[in-house]
Structures are given as C-alpha cells and as structure tokens.
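Text of data_4.txt, listed as compact mmCIF, C-alpha atoms and all ligand atoms:
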# COMPACT_ATOMS: atom_id res chain seq x y z
CA MET A 2 42.37 -57.74 53.45
CA SER A 3 39.65 -55.10 53.39
CA GLU A 4 36.26 -55.25 55.03
CA PRO A 5 33.91 -57.98 53.75
CA LEU A 6 31.61 -56.74 51.02
CA GLN A 7 27.98 -56.19 51.77
CA VAL A 8 25.73 -58.39 49.66
CA ILE A 9 23.22 -56.40 47.65
CA VAL A 10 20.10 -58.52 47.22
CA ASP A 11 18.08 -57.83 44.08
CA PRO A 12 14.69 -56.33 45.04
CA ALA A 13 12.92 -58.97 42.96
CA ALA A 14 14.46 -61.69 45.09
CA ALA A 15 13.92 -60.05 48.48
CA GLY A 16 12.57 -62.44 51.08
CA THR A 17 14.13 -65.54 49.52
CA PRO A 18 16.51 -67.33 51.88
CA ALA A 19 20.01 -65.89 51.74
CA SER A 20 22.88 -68.16 50.79
CA ALA A 21 26.55 -67.80 51.52
CA PRO A 22 28.68 -66.28 48.75
CA PRO A 23 31.01 -68.75 47.05
CA ALA A 24 34.55 -68.98 48.34
CA ALA A 25 35.72 -67.44 45.10
CA VAL A 26 34.32 -64.07 46.13
CA ALA A 27 36.42 -63.85 49.28
CA LEU A 28 39.54 -64.97 47.42
CA LEU A 29 38.90 -62.45 44.67
CA ARG A 30 38.41 -59.71 47.23
CA GLU A 31 41.60 -60.69 48.97
CA ARG A 32 43.50 -60.39 45.72
CA HIS A 33 41.92 -57.38 44.12
CA GLY A 34 40.83 -55.35 47.15
CA ASP A 35 38.79 -52.37 46.05
CA GLY A 36 38.87 -53.52 42.44
CA VAL A 37 35.97 -55.70 43.55
CA ARG A 38 33.30 -53.04 43.80
CA ALA A 39 30.11 -54.84 44.76
CA LEU A 40 28.56 -58.22 45.34
CA MET A 41 24.98 -58.86 44.30
CA GLU A 42 22.74 -61.81 44.92
CA ASN A 43 19.60 -63.07 43.29
CA ARG A 44 18.19 -66.37 44.57
CA GLY A 45 21.52 -67.92 45.40
CA GLN A 46 23.31 -66.67 42.28
CA PHE A 47 26.10 -64.19 42.85
CA ARG A 48 27.38 -61.40 40.68
CA VAL A 49 30.63 -59.62 41.33
CA LEU A 50 31.17 -56.12 40.02
CA VAL A 51 34.82 -55.42 39.23
CA GLU A 52 36.77 -52.51 37.75
CA ARG A 53 36.99 -53.09 34.03
CA GLY A 54 40.78 -52.63 34.11
CA GLN A 55 41.03 -55.59 36.48
CA ALA A 56 38.53 -57.88 34.77
CA ALA A 57 41.12 -59.83 32.78
CA GLU A 58 43.31 -60.34 35.84
CA ALA A 59 40.32 -61.43 37.93
CA ILE A 60 39.18 -63.92 35.32
CA ARG A 61 42.68 -65.30 34.92
CA PHE A 62 42.84 -65.76 38.70
CA LEU A 63 39.47 -67.52 38.82
CA ARG A 64 40.52 -69.79 35.98
CA ASP A 65 43.97 -70.70 37.27
CA ASP A 66 43.62 -70.84 41.05
CA PRO A 67 43.73 -74.55 41.99
CA ARG A 68 41.01 -74.04 44.62
CA LEU A 69 38.58 -72.53 42.15
CA ARG A 70 39.29 -73.62 38.56
CA PHE A 71 36.58 -71.67 36.76
CA THR A 72 37.64 -73.23 33.48
CA PHE A 73 34.48 -72.72 31.48
CA LEU A 74 33.45 -69.33 30.11
CA VAL A 75 29.72 -69.84 29.65
CA ASP A 76 28.79 -66.50 28.14
CA VAL A 77 29.89 -62.97 27.44
CA THR A 78 27.19 -60.39 27.09
CA ALA A 79 26.26 -56.86 28.11
CA ILE A 80 23.42 -54.91 29.63
CA ASP A 81 22.39 -51.45 28.43
CA PHE A 82 21.13 -49.22 31.24
CA HIS A 83 20.36 -46.30 28.92
CA PRO A 84 19.89 -43.47 29.87
CA ALA A 85 21.71 -44.14 33.16
CA THR A 86 25.47 -43.73 33.49
CA PRO A 87 27.69 -45.65 33.27
CA ARG A 88 25.63 -46.98 30.42
CA PHE A 89 26.82 -50.56 29.86
CA ARG A 90 27.64 -53.45 32.11
CA VAL A 91 29.64 -56.21 30.42
CA THR A 92 28.95 -59.61 31.92
CA TRP A 93 31.03 -62.77 32.00
CA VAL A 94 29.48 -66.01 33.22
CA LEU A 95 32.00 -68.51 34.54
CA ARG A 96 31.51 -72.08 35.62
CA SER A 97 33.77 -74.28 37.72
CA TYR A 98 33.44 -78.01 37.22
CA HIS A 99 35.70 -78.36 40.25
CA THR A 100 33.55 -76.58 42.84
CA LYS A 101 30.36 -76.89 40.76
CA GLU A 102 29.73 -73.19 41.16
CA THR A 103 28.68 -70.51 38.73
CA LEU A 104 29.99 -67.00 39.15
CA VAL A 105 29.01 -63.92 37.21
CA LEU A 106 31.57 -61.18 36.80
CA GLN A 107 30.50 -57.73 35.66
CA ALA A 108 32.23 -54.48 34.77
CA ASP A 109 30.74 -51.05 34.15
CA VAL A 110 31.59 -49.47 30.82
CA PRO A 111 30.88 -45.84 29.89
CA GLU A 112 29.12 -44.86 26.69
CA ASP A 113 31.90 -42.64 25.31
CA ASP A 114 34.50 -45.41 25.58
CA PRO A 115 32.66 -48.74 25.36
CA SER A 116 35.68 -50.99 25.53
CA VAL A 117 36.84 -53.85 27.73
CA PRO A 118 39.82 -56.16 27.38
CA SER A 119 39.20 -59.25 25.27
CA MET A 120 39.35 -62.61 27.04
CA THR A 121 40.36 -64.52 23.92
CA HIS A 122 43.87 -65.05 25.29
CA LEU A 123 42.37 -66.80 28.33
CA PHE A 124 39.46 -68.58 26.65
CA PRO A 125 39.62 -69.18 22.88
CA GLY A 126 35.86 -69.72 23.05
CA ALA A 127 35.40 -66.05 23.92
CA ASP A 128 36.05 -65.18 20.27
CA TRP A 129 32.53 -65.54 18.90
CA LEU A 130 30.85 -64.50 22.15
CA GLU A 131 32.69 -61.19 22.06
CA ARG A 132 31.90 -60.74 18.38
CA GLU A 133 28.22 -61.19 19.16
CA CYS A 134 28.42 -58.71 22.01
CA PHE A 135 30.16 -56.25 19.70
CA ASP A 136 27.53 -56.85 17.02
CA MET A 137 24.60 -56.27 19.35
CA PHE A 138 25.90 -53.64 21.79
CA GLY A 139 28.93 -52.11 20.09
CA ILE A 140 31.26 -53.04 22.94
CA ARG A 141 34.89 -52.93 21.71
CA PHE A 142 36.92 -55.86 22.99
CA THR A 143 40.47 -54.62 22.88
CA GLY A 144 42.94 -57.29 21.86
CA HIS A 145 40.35 -59.39 20.02
CA PRO A 146 41.97 -60.91 16.92
CA ASP A 147 39.04 -60.35 14.53
CA LEU A 148 36.32 -58.11 15.93
CA ARG A 149 33.71 -58.17 13.14
CA ARG A 150 29.95 -58.59 13.12
CA ILE A 151 28.95 -62.22 13.48
CA LEU A 152 25.14 -62.40 13.23
CA LEU A 153 24.05 -59.31 11.30
CA PRO A 154 25.08 -58.43 7.74
CA ASP A 155 28.29 -56.43 7.41
CA VAL A 156 26.46 -53.32 6.16
CA PHE A 157 24.03 -53.29 9.09
CA PRO A 158 23.90 -49.83 10.67
CA GLY A 159 24.27 -49.53 14.44
CA HIS A 160 23.96 -51.99 17.30
CA PRO A 161 20.37 -53.14 17.71
CA LEU A 162 20.30 -54.33 21.33
CA ARG A 163 21.09 -50.82 22.53
CA LYS A 164 17.99 -49.45 24.20
CA ASP A 165 17.84 -46.38 21.97
CA TYR A 166 17.90 -48.41 18.74
CA PRO A 167 14.67 -48.14 16.71
CA MET A 168 12.75 -51.40 16.85
CA ALA A 169 12.16 -51.57 13.10
CA GLY A 170 15.76 -50.80 12.21
CA ILE A 171 17.36 -47.90 10.38
CA MET A 172 17.65 -49.08 6.75
CA THR A 173 14.34 -49.45 4.90
CA ASP A 174 13.27 -52.61 3.11
CA GLN A 175 13.82 -50.87 -0.22
CA GLU A 176 17.41 -50.07 0.72
CA TRP A 177 17.99 -53.63 1.82
CA ALA A 178 16.40 -54.99 -1.36
CA GLU A 179 18.71 -52.86 -3.49
CA HIS A 180 21.68 -54.04 -1.50
CA ILE A 181 20.68 -57.70 -1.72
CA VAL A 182 19.86 -57.67 -5.44
CA SER A 183 22.97 -55.77 -6.47
CA ARG A 184 25.13 -58.03 -4.36
CA ALA A 185 23.55 -61.17 -5.80
CA GLN A 186 24.14 -59.89 -9.32
CA ARG A 187 27.73 -58.99 -8.55
CA GLU A 188 28.45 -62.42 -7.12
CA GLU A 189 26.75 -64.20 -10.00
CA GLY A 190 29.04 -62.24 -12.29
CA HIS A 191 26.46 -60.49 -14.45
CA ASP A 192 26.52 -56.85 -13.49
CA MET B 4 -8.21 -74.79 -22.04
CA ALA B 5 -6.26 -77.34 -24.04
CA GLN B 6 -8.98 -77.71 -26.64
CA GLY B 7 -9.24 -73.96 -26.89
CA ARG B 8 -5.60 -73.70 -27.71
CA LEU B 9 -5.72 -76.37 -30.36
CA ALA B 10 -8.45 -74.36 -32.02
CA THR B 11 -6.63 -71.00 -31.98
CA VAL B 12 -3.91 -71.54 -34.48
CA SER B 13 -2.34 -68.10 -34.41
CA TRP B 14 -2.53 -67.49 -30.65
CA GLY B 15 0.59 -65.68 -29.50
CA GLU B 16 2.98 -66.61 -32.28
CA SER B 17 2.34 -65.92 -35.95
CA GLU B 18 1.51 -68.85 -38.19
CA GLU B 19 4.92 -68.96 -39.81
CA ASP B 20 6.46 -69.48 -36.34
CA GLY B 21 4.42 -72.64 -36.14
CA GLY B 22 1.78 -71.37 -33.73
CA ALA B 23 -0.42 -74.42 -34.19
CA VAL B 24 2.35 -76.78 -33.21
CA LEU B 25 3.40 -74.60 -30.28
CA THR B 26 -0.03 -74.52 -28.69
CA THR B 27 -0.21 -78.28 -28.73
CA VAL B 28 3.26 -78.44 -27.28
CA ASP B 29 2.09 -76.02 -24.58
CA SER B 30 -0.46 -78.52 -23.35
CA LEU B 31 1.99 -81.38 -23.38
CA VAL B 32 4.85 -79.49 -21.76
CA ASN B 33 2.60 -77.91 -19.14
CA TRP B 34 1.09 -81.27 -18.32
CA ALA B 35 4.57 -82.61 -17.68
CA ARG B 36 5.65 -79.55 -15.73
CA LYS B 37 2.64 -79.29 -13.49
CA ASN B 38 2.88 -82.90 -12.42
CA SER B 39 6.55 -82.75 -11.55
CA LEU B 40 6.98 -79.46 -9.70
CA TRP B 41 10.20 -80.06 -7.85
CA PRO B 42 10.39 -77.80 -4.81
CA LEU B 43 13.45 -76.02 -3.53
CA PRO B 44 12.78 -76.18 0.21
CA MET B 45 13.81 -72.76 1.50
CA GLY B 46 13.05 -73.70 5.10
CA LEU B 47 13.98 -70.71 7.23
CA SER B 48 12.13 -71.36 10.48
CA CYS B 49 9.04 -72.97 12.01
CA CYS B 50 7.01 -73.10 8.78
CA ALA B 51 9.62 -75.51 7.41
CA ILE B 52 8.36 -78.10 9.90
CA GLU B 53 4.92 -77.97 8.27
CA PHE B 54 6.58 -78.22 4.88
CA MET B 55 8.30 -81.40 6.06
CA ALA B 56 4.98 -82.72 7.31
CA ALA B 57 3.44 -82.00 3.92
CA ALA B 58 6.17 -84.08 2.29
CA THR B 59 5.72 -87.09 4.56
CA SER B 60 3.38 -89.98 3.88
CA ARG B 61 0.56 -88.66 6.06
CA PHE B 62 -0.09 -85.69 3.78
CA ASP B 63 1.97 -86.90 0.84
CA MET B 64 2.84 -84.10 -1.54
CA ALA B 65 4.01 -86.87 -3.86
CA ARG B 66 0.39 -87.27 -4.97
CA PHE B 67 0.88 -84.01 -6.85
CA GLY B 68 4.35 -84.77 -8.14
CA ALA B 69 6.03 -82.38 -5.74
CA GLU B 70 7.85 -84.76 -3.43
CA VAL B 71 11.31 -84.43 -4.98
CA ALA B 72 12.74 -81.70 -2.77
CA ARG B 73 15.87 -80.52 -4.52
CA PHE B 74 18.60 -78.82 -2.56
CA SER B 75 20.31 -77.71 -5.72
CA PRO B 76 18.51 -74.69 -7.20
CA LYS B 77 19.49 -75.83 -10.70
CA GLN B 78 17.17 -78.83 -10.40
CA ALA B 79 14.22 -77.10 -8.78
CA ASP B 80 11.09 -75.56 -10.28
CA VAL B 81 9.36 -73.94 -7.35
CA MET B 82 11.04 -72.24 -4.40
CA ILE B 83 8.95 -72.66 -1.26
CA VAL B 84 10.09 -70.00 1.17
CA ALA B 85 8.90 -71.39 4.49
CA GLY B 86 9.79 -69.13 7.37
CA THR B 87 11.10 -65.80 8.57
CA MET B 88 13.51 -64.22 6.12
CA THR B 89 16.14 -62.00 7.67
CA TYR B 90 18.07 -59.49 5.59
CA LYS B 91 21.13 -61.65 5.89
CA MET B 92 19.30 -64.74 4.68
CA GLY B 93 17.75 -62.61 1.94
CA GLU B 94 21.11 -62.58 0.19
CA ALA B 95 21.05 -66.37 0.00
CA VAL B 96 17.39 -66.51 -1.01
CA ARG B 97 17.97 -64.12 -3.87
CA ARG B 98 21.09 -65.93 -5.06
CA LEU B 99 19.35 -69.30 -5.00
CA TYR B 100 16.44 -67.82 -6.91
CA ASP B 101 18.84 -66.44 -9.52
CA GLN B 102 20.42 -69.87 -9.89
CA MET B 103 17.15 -71.67 -10.54
CA ALA B 104 16.54 -72.52 -14.17
CA GLU B 105 13.56 -71.02 -15.99
CA PRO B 106 10.70 -71.51 -15.76
CA LYS B 107 10.48 -71.00 -12.02
CA TRP B 108 7.86 -70.14 -9.45
CA VAL B 109 7.91 -68.94 -5.84
CA ILE B 110 5.56 -69.76 -2.99
CA ALA B 111 5.66 -67.55 0.10
CA MET B 112 4.59 -70.00 2.78
CA GLY B 113 3.22 -68.51 5.98
CA ALA B 114 2.76 -65.07 7.45
CA CYS B 115 6.49 -64.49 7.80
CA ALA B 116 7.45 -65.12 4.21
CA SER B 117 4.46 -63.12 3.00
CA THR B 118 4.70 -60.07 5.26
CA ALA B 119 7.16 -60.87 8.09
CA GLY B 120 4.13 -61.67 10.26
CA MET B 121 4.69 -60.53 13.81
CA PHE B 122 8.34 -59.60 13.22
CA ARG B 123 8.42 -55.86 12.68
CA THR B 124 11.98 -55.92 13.89
CA TYR B 125 15.42 -54.79 12.81
CA PRO B 126 16.72 -57.97 11.11
CA VAL B 127 13.59 -59.17 9.28
CA MET B 128 12.58 -58.23 5.75
CA GLN B 129 8.88 -57.38 5.63
CA GLY B 130 7.93 -59.99 3.05
CA ILE B 131 10.08 -61.86 0.54
CA ASP B 132 8.44 -60.04 -2.37
CA HIS B 133 10.90 -57.21 -1.85
CA ILE B 134 13.57 -59.35 -3.50
CA VAL B 135 11.88 -62.21 -5.40
CA PRO B 136 8.65 -62.31 -7.44
CA VAL B 137 6.03 -64.33 -5.57
CA ASP B 138 3.36 -66.43 -7.30
CA PHE B 139 1.41 -67.52 -4.23
CA TYR B 140 1.09 -66.24 -0.70
CA VAL B 141 -0.04 -68.88 1.78
CA PRO B 142 -1.72 -67.49 4.90
CA GLY B 143 -1.26 -69.11 8.30
CA CYS B 144 1.21 -69.21 11.14
CA PRO B 145 2.09 -71.86 10.20
CA PRO B 146 -0.17 -72.94 7.34
CA ARG B 147 -1.29 -76.53 7.74
CA PRO B 148 0.09 -79.04 5.23
CA GLU B 149 -3.32 -79.15 3.56
CA MET B 150 -2.96 -75.45 2.92
CA LEU B 151 0.39 -75.93 1.22
CA ILE B 152 -0.96 -78.78 -0.86
CA ASN B 153 -3.90 -76.60 -1.85
CA THR B 154 -1.40 -73.99 -2.97
CA LEU B 155 0.43 -76.58 -5.04
CA ILE B 156 -2.84 -77.47 -6.74
CA GLN B 157 -3.45 -73.78 -7.46
CA LEU B 158 0.08 -73.56 -8.82
CA GLN B 159 -0.60 -76.54 -11.07
CA LYS B 160 -3.58 -74.69 -12.47
CA LYS B 161 -1.45 -71.63 -13.03
CA VAL B 162 1.28 -73.64 -14.75
CA ALA B 163 -1.29 -75.28 -17.00
CA SER B 164 -2.54 -71.87 -18.11
CA GLU B 165 0.87 -70.48 -19.04
CA ARG B 166 2.73 -70.56 -22.34
CA ALA B 167 5.31 -73.33 -22.35
CA HIS B 168 8.12 -70.97 -23.28
CA LYS B 169 7.56 -68.84 -20.17
CA GLY B 170 10.83 -67.25 -19.31
CA LEU B 171 12.72 -68.77 -22.21
CA ARG B 172 14.62 -66.35 -24.35
CA VAL B 173 12.27 -66.26 -27.30
CA ALA B 174 12.98 -62.58 -27.72
CA ASN B 175 16.60 -63.35 -28.54
CA LEU B 176 15.65 -65.89 -31.19
CA LYS B 177 13.36 -63.34 -32.78
CA ALA B 178 16.12 -60.73 -32.69
CA GLU B 179 18.55 -63.16 -34.34
CA LYS B 180 16.00 -63.88 -37.02
CA ALA B 181 15.54 -60.17 -37.65
CA THR B 182 19.26 -59.53 -38.15
CA ALA B 183 19.77 -62.61 -40.35
S1 LIG C 1 4.51 -67.73 9.86
FE1 LIG C 1 4.51 -68.46 11.97
S2 LIG C 1 5.07 -70.64 11.81
FE2 LIG C 1 5.66 -69.63 9.88
S3 LIG C 1 7.80 -69.04 10.15
FE3 LIG C 1 6.52 -67.29 10.75
S4 LIG C 1 6.27 -67.52 12.97
FE4 LIG C 1 6.97 -69.49 12.17
Output the structure of this file as structure tokens.
Amino acid sequence: MSEPLQVIVDPAAAGTPASAPPAAVALLRERHGDGVRALMENRGQFRVLVERGQAAEAIRFLRDDPRLRFTFLVDVTAIDFHPATPRFRVTWVLRSYHTKETLVLQADVPEDDPSVPSMTHLFPGADWLERECFDMFGIRFTGHPDLRRILLPDVFPGHPLRKDYPMAGIMTDQEWAEHIVSRAQREEGHD
Amino acid sequence: MAQGRLATVSWGESEEDGGAVLTTVDSLVNWARKNSLWPLPMGLSCCAIEFMAAATSRFDMARFGAEVARFSPKQADVMIVAGTMTYKMGEAVRRLYDQMAEPKWVIAMGACASTAGMFRTYPVMQGIDHIVPVDFYVPGCPPRPEMLINTLIQLQKKVASERAHKGLRVANLKAEKATA
C-alpha cells in the first residue's frame, strides 16, 4: 500500500472541523494505488479523484465489496473548468445504505477526447443520467446502449452547460419557429 | 352591435347569399360561443397554478362559461398557454393548436408565454407568438386569477364582435359555386 493521501480541503470550507475520510477511501487506495489521484473534503463530504480508465473498476469495487456496498448511484454529472485543462471533471455520486455514507468519485476528462466508460452495465439507472450529461456537456459515455439527447430537442446545436456556450443559444427563434411549424405540418400529414 | 347588424342587410355577404339571415345568426352563434369558451389548459409552469386557482370556486371561471377545461384539443375553443414555453414544448403547443377545431383563440398567460419573461436562455422561445397567433397577452408573473378572468371577459367581447363563420372555409364554398 502506498502512502496515505493528503486531504485537500476546499478553501470555502477552511476552518470547519475536519472529519475522518470514510473507510472506502483507504480500501480504494489499497486496491487502485496511484489510480486514486487525490482526496478532497468539503464540510465532511469527500471526493475522490481517480484516473478515468479506472473509474469503472473503482465503482464496481465500491458497489460489490461486502464492507462498503455502495449500491445506489445517486447522480452522474460533470463540471466544466473552461478554459483550464483538463477541461471536464465527470462526477459520480454514490450512496451506501450499508455504511450510510456518501462518496463522490471524479475523473478528469480532456476537451479533445471527452469520453468516459459508461456505468450502465453496473447501474441500469445510469442510462438517463449519462444521457443528460451527454446532452448538457457533450461527454461521450463509451459503451452506453443509446447515447442520445434526453432533455433538449434532437436538432439542438451544441451542449449548453459548457462554459463557452452562448447564454441565448445558437439557433434564432425564427429558425426554431420554422423547424417547429414544418415538423408539426409533417406529422399532421398535410405538407 | 347586434342591432346594428340586423339593420345592415348586406354587411359582408351579398344579399343573395342571405346576408340578412347570416347577421342574425352571427349574434346567436356568438352569444353561444362567448358563453361557453372551453379552454385547453396548456399549463407549462408556474402560471398554470394561477390558472387552476382561476378555475376553482374561489375565483370561479365557470361564471363566464369557461370552466370546462378540455384536455383534448378537438373539444377546446381557447388555448391558454400558461407558462414558460421551451423549444421542445413548442412542438407540442403547435401540434395541439393545429388540432383544435375552428374557430379558435389563444391567450398568452403571463410574462413567459408573452415574451419568455426573465428567461433569455438557450431552451426558451421568446414568446409563443413565434409559432401560434395570439389574441391576448396577459401581463404578470404570474397574473392573478382576476387578471385571467378579465382577459376572458375581453375575449368574450372580441368573440361577440366577430363574424360567426370566422375560420370556416367559406372561400371554398364560394369557389365551388363559381365552378358550378
Ligand atoms: S410568467 Fe412568471 S409565474 Fe408565469 S410561468 Fe413565467 S416565471 Fe412562472
């Protein structure tokens, strides 16, 4: 086993009483060694930064280890650190009903290859969460059975939660109106 | 208005089309229409809550014949768009509008339906009038039920002032007559 990780406390939470990292962190470190890159804390909540290639293995371990049993994938999302590199940080929030702990796993993803392995084979519920993350950030979840937009219309250009996306969108209202009207007429069968 | 129409025999249609009869029918049909404006509740967000309040007994839209909220567009007369219309929802709004039978009217309830209000953002259409013709814009965020009921009363006045065959395909009948 390598040296224990130093806990990085978020500046916003500096001065709040430190808490001990959950047992899961030590076990994860034991298993994945340097694949666990950093451990961050904010008011008693811990985030573990892993290599994206090891994320699926780490999550499988957290889910299946009888001491941990993180059997609930609460959320999958991403953070855009534009213009910093690596640009994205994909985030998985896991909950264990066994230890009553919440653990956040994160992996850095570069802009030129924004892909991470899909967790749908571990958690069927990851399906729509990953589609939303793809819709909003353009993260490609490799191995996802049906990676389409889920919230925005299919013709929507770009991924709006990226920091460099224009607030008011790219298509104008006139373009949208033409799209909506022509589509309605097509589907009503009088074109 | 009604008396005026009775007096103007050849208003709109020529006498051989039976203009005198039609104008009387106008008054009768419009009287029936304006007192039974069945809304299609297009509740898209918070404004829909005020629409519901307007329909309940405290404010009682039923006093104006507009309590029969119809969820089938084929049975509705007035689409009340209450809330923020996204582009994606716009497809549904337009299709429902297309499916409503003539004559039909549209009320844009609230700042969002009228202009998108505070939402100058990527998924929100800046006013429903980009895709459907709007008869009344109701200001407010949200408008109070009284405001909506006031709009209904204005709409009743508008309905009463229209020709009864609004939107009906009179043009086709005329064309048929011409070819016969
Ligand atoms: S106008 Fe205000 S109350 Fe109405 S839908 Fe928009 S934000 Fe909600």
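Nearest-residue note for Tyr100 in chain B: choosing from B:Ala167, B:Leu43, B:Met64, B:Ala56, the minimum distance belongs to B:Leu43, counting all atoms listed in the file.
Among the candidates B:Leu40, B:Val141, B:Ile131, B:Cys115, the residue lying nearest to ligand LIG 1 (chain C) is B:Cys115 (atoms considered: all atoms listed in the file).
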### Message
Could you list, as a list in words, all residues that come within 8 Å of ligand LIG 1 (chain C)? Count all atoms listed in the file.
### Response
Leu47, Ser48, Cys49, Cys50, Ala51, Ala85, Gly86, Thr87, Met112, Gly113, Ala114, Cys115, Ala116, Ala119, Gly120, Met121, Pro142, Gly143, Cys144, Pro145 and Pro146 of chain B
### Task
Kindly provide, as a VMD selection string, the residues of chain A having any atom no farther than 12 Å from an atom of chain B, counting only C-alpha atoms.
chain A and resid 137 150 to 163 166 to 191
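Non-sequential neighbours of Ile110 in chain B (distance at most 6 Å, separation of 2 or more positions within a chain, only C-alpha atoms) are Ile83, Met112, Asp138 and Phe139 of chain B.
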Would you save the residues from that selection as a PDB file, in the frame of the given file, using C-alpha atoms?
ATOM      1  CA  ILE B  83       8.950 -72.660  -1.260  1.00  0.00           C
ATOM      2  CA  MET B 112       4.590 -70.000   2.780  1.00  0.00           C
ATOM      3  CA  ASP B 138       3.360 -66.430  -7.300  1.00  0.00           C
ATOM      4  CA  PHE B 139       1.410 -67.520  -4.230  1.00  0.00           C
TER       5      PHE B 139
END
### Message
Given the point (30.3, -71.7, 43.2) in the file's coordinates, find the residues that have an atom at most 8 Å from it, counting only C-alpha atoms, and give them as a PyMOL selection string.
### Response
chain A and resi 22-25+96-97+100-104
### Message
Which residues are close to range 147-162 of chain B, i.e. within 12 Å by only C-alpha atoms, leaving aside same-chain residues fewer than 5 positions away? Reply as number ranges by chain.
### Response
B: 4, 29-42, 49-70, 80-85, 106-113, 137-142, 167-169
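The two atoms in question, CA of Thr143 in chain A and CA of Met41 in chain A, are spaced 26.8 Å apart.
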### Message
Env of Phe89 in chain A: 10 Å cut, atoms = all atoms listed in the file, seq-sep filter 3 positions within chain, self excluded. Answer as JSON, numbers by chain.
### Response
{"A": [79, 80, 81, 82, 83, 84, 85, 86, 92, 107, 108, 109, 110, 111, 112, 115, 116, 138, 140, 163]}
### Query
Quick one: residues within 10 Å of Arg32 in chain A, only C-alpha atoms counted, chain neighbours fewer than 5 positions away excluded, as a list in words?
Met2, Val26, Ala27, Val37, Glu58, Ala59 and Phe62 of chain A
### Query
Hey, can you check how far CA of Ala21 in chain A sits from CA of Val94 in chain A?
18.6 Å
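Distance annotation: of A:Val77, A:Ala39, A:Ala56, A:Ile9, the residue with the minimal separation from Val117 in chain A is A:Ala56; atom set is all atoms listed in the file.
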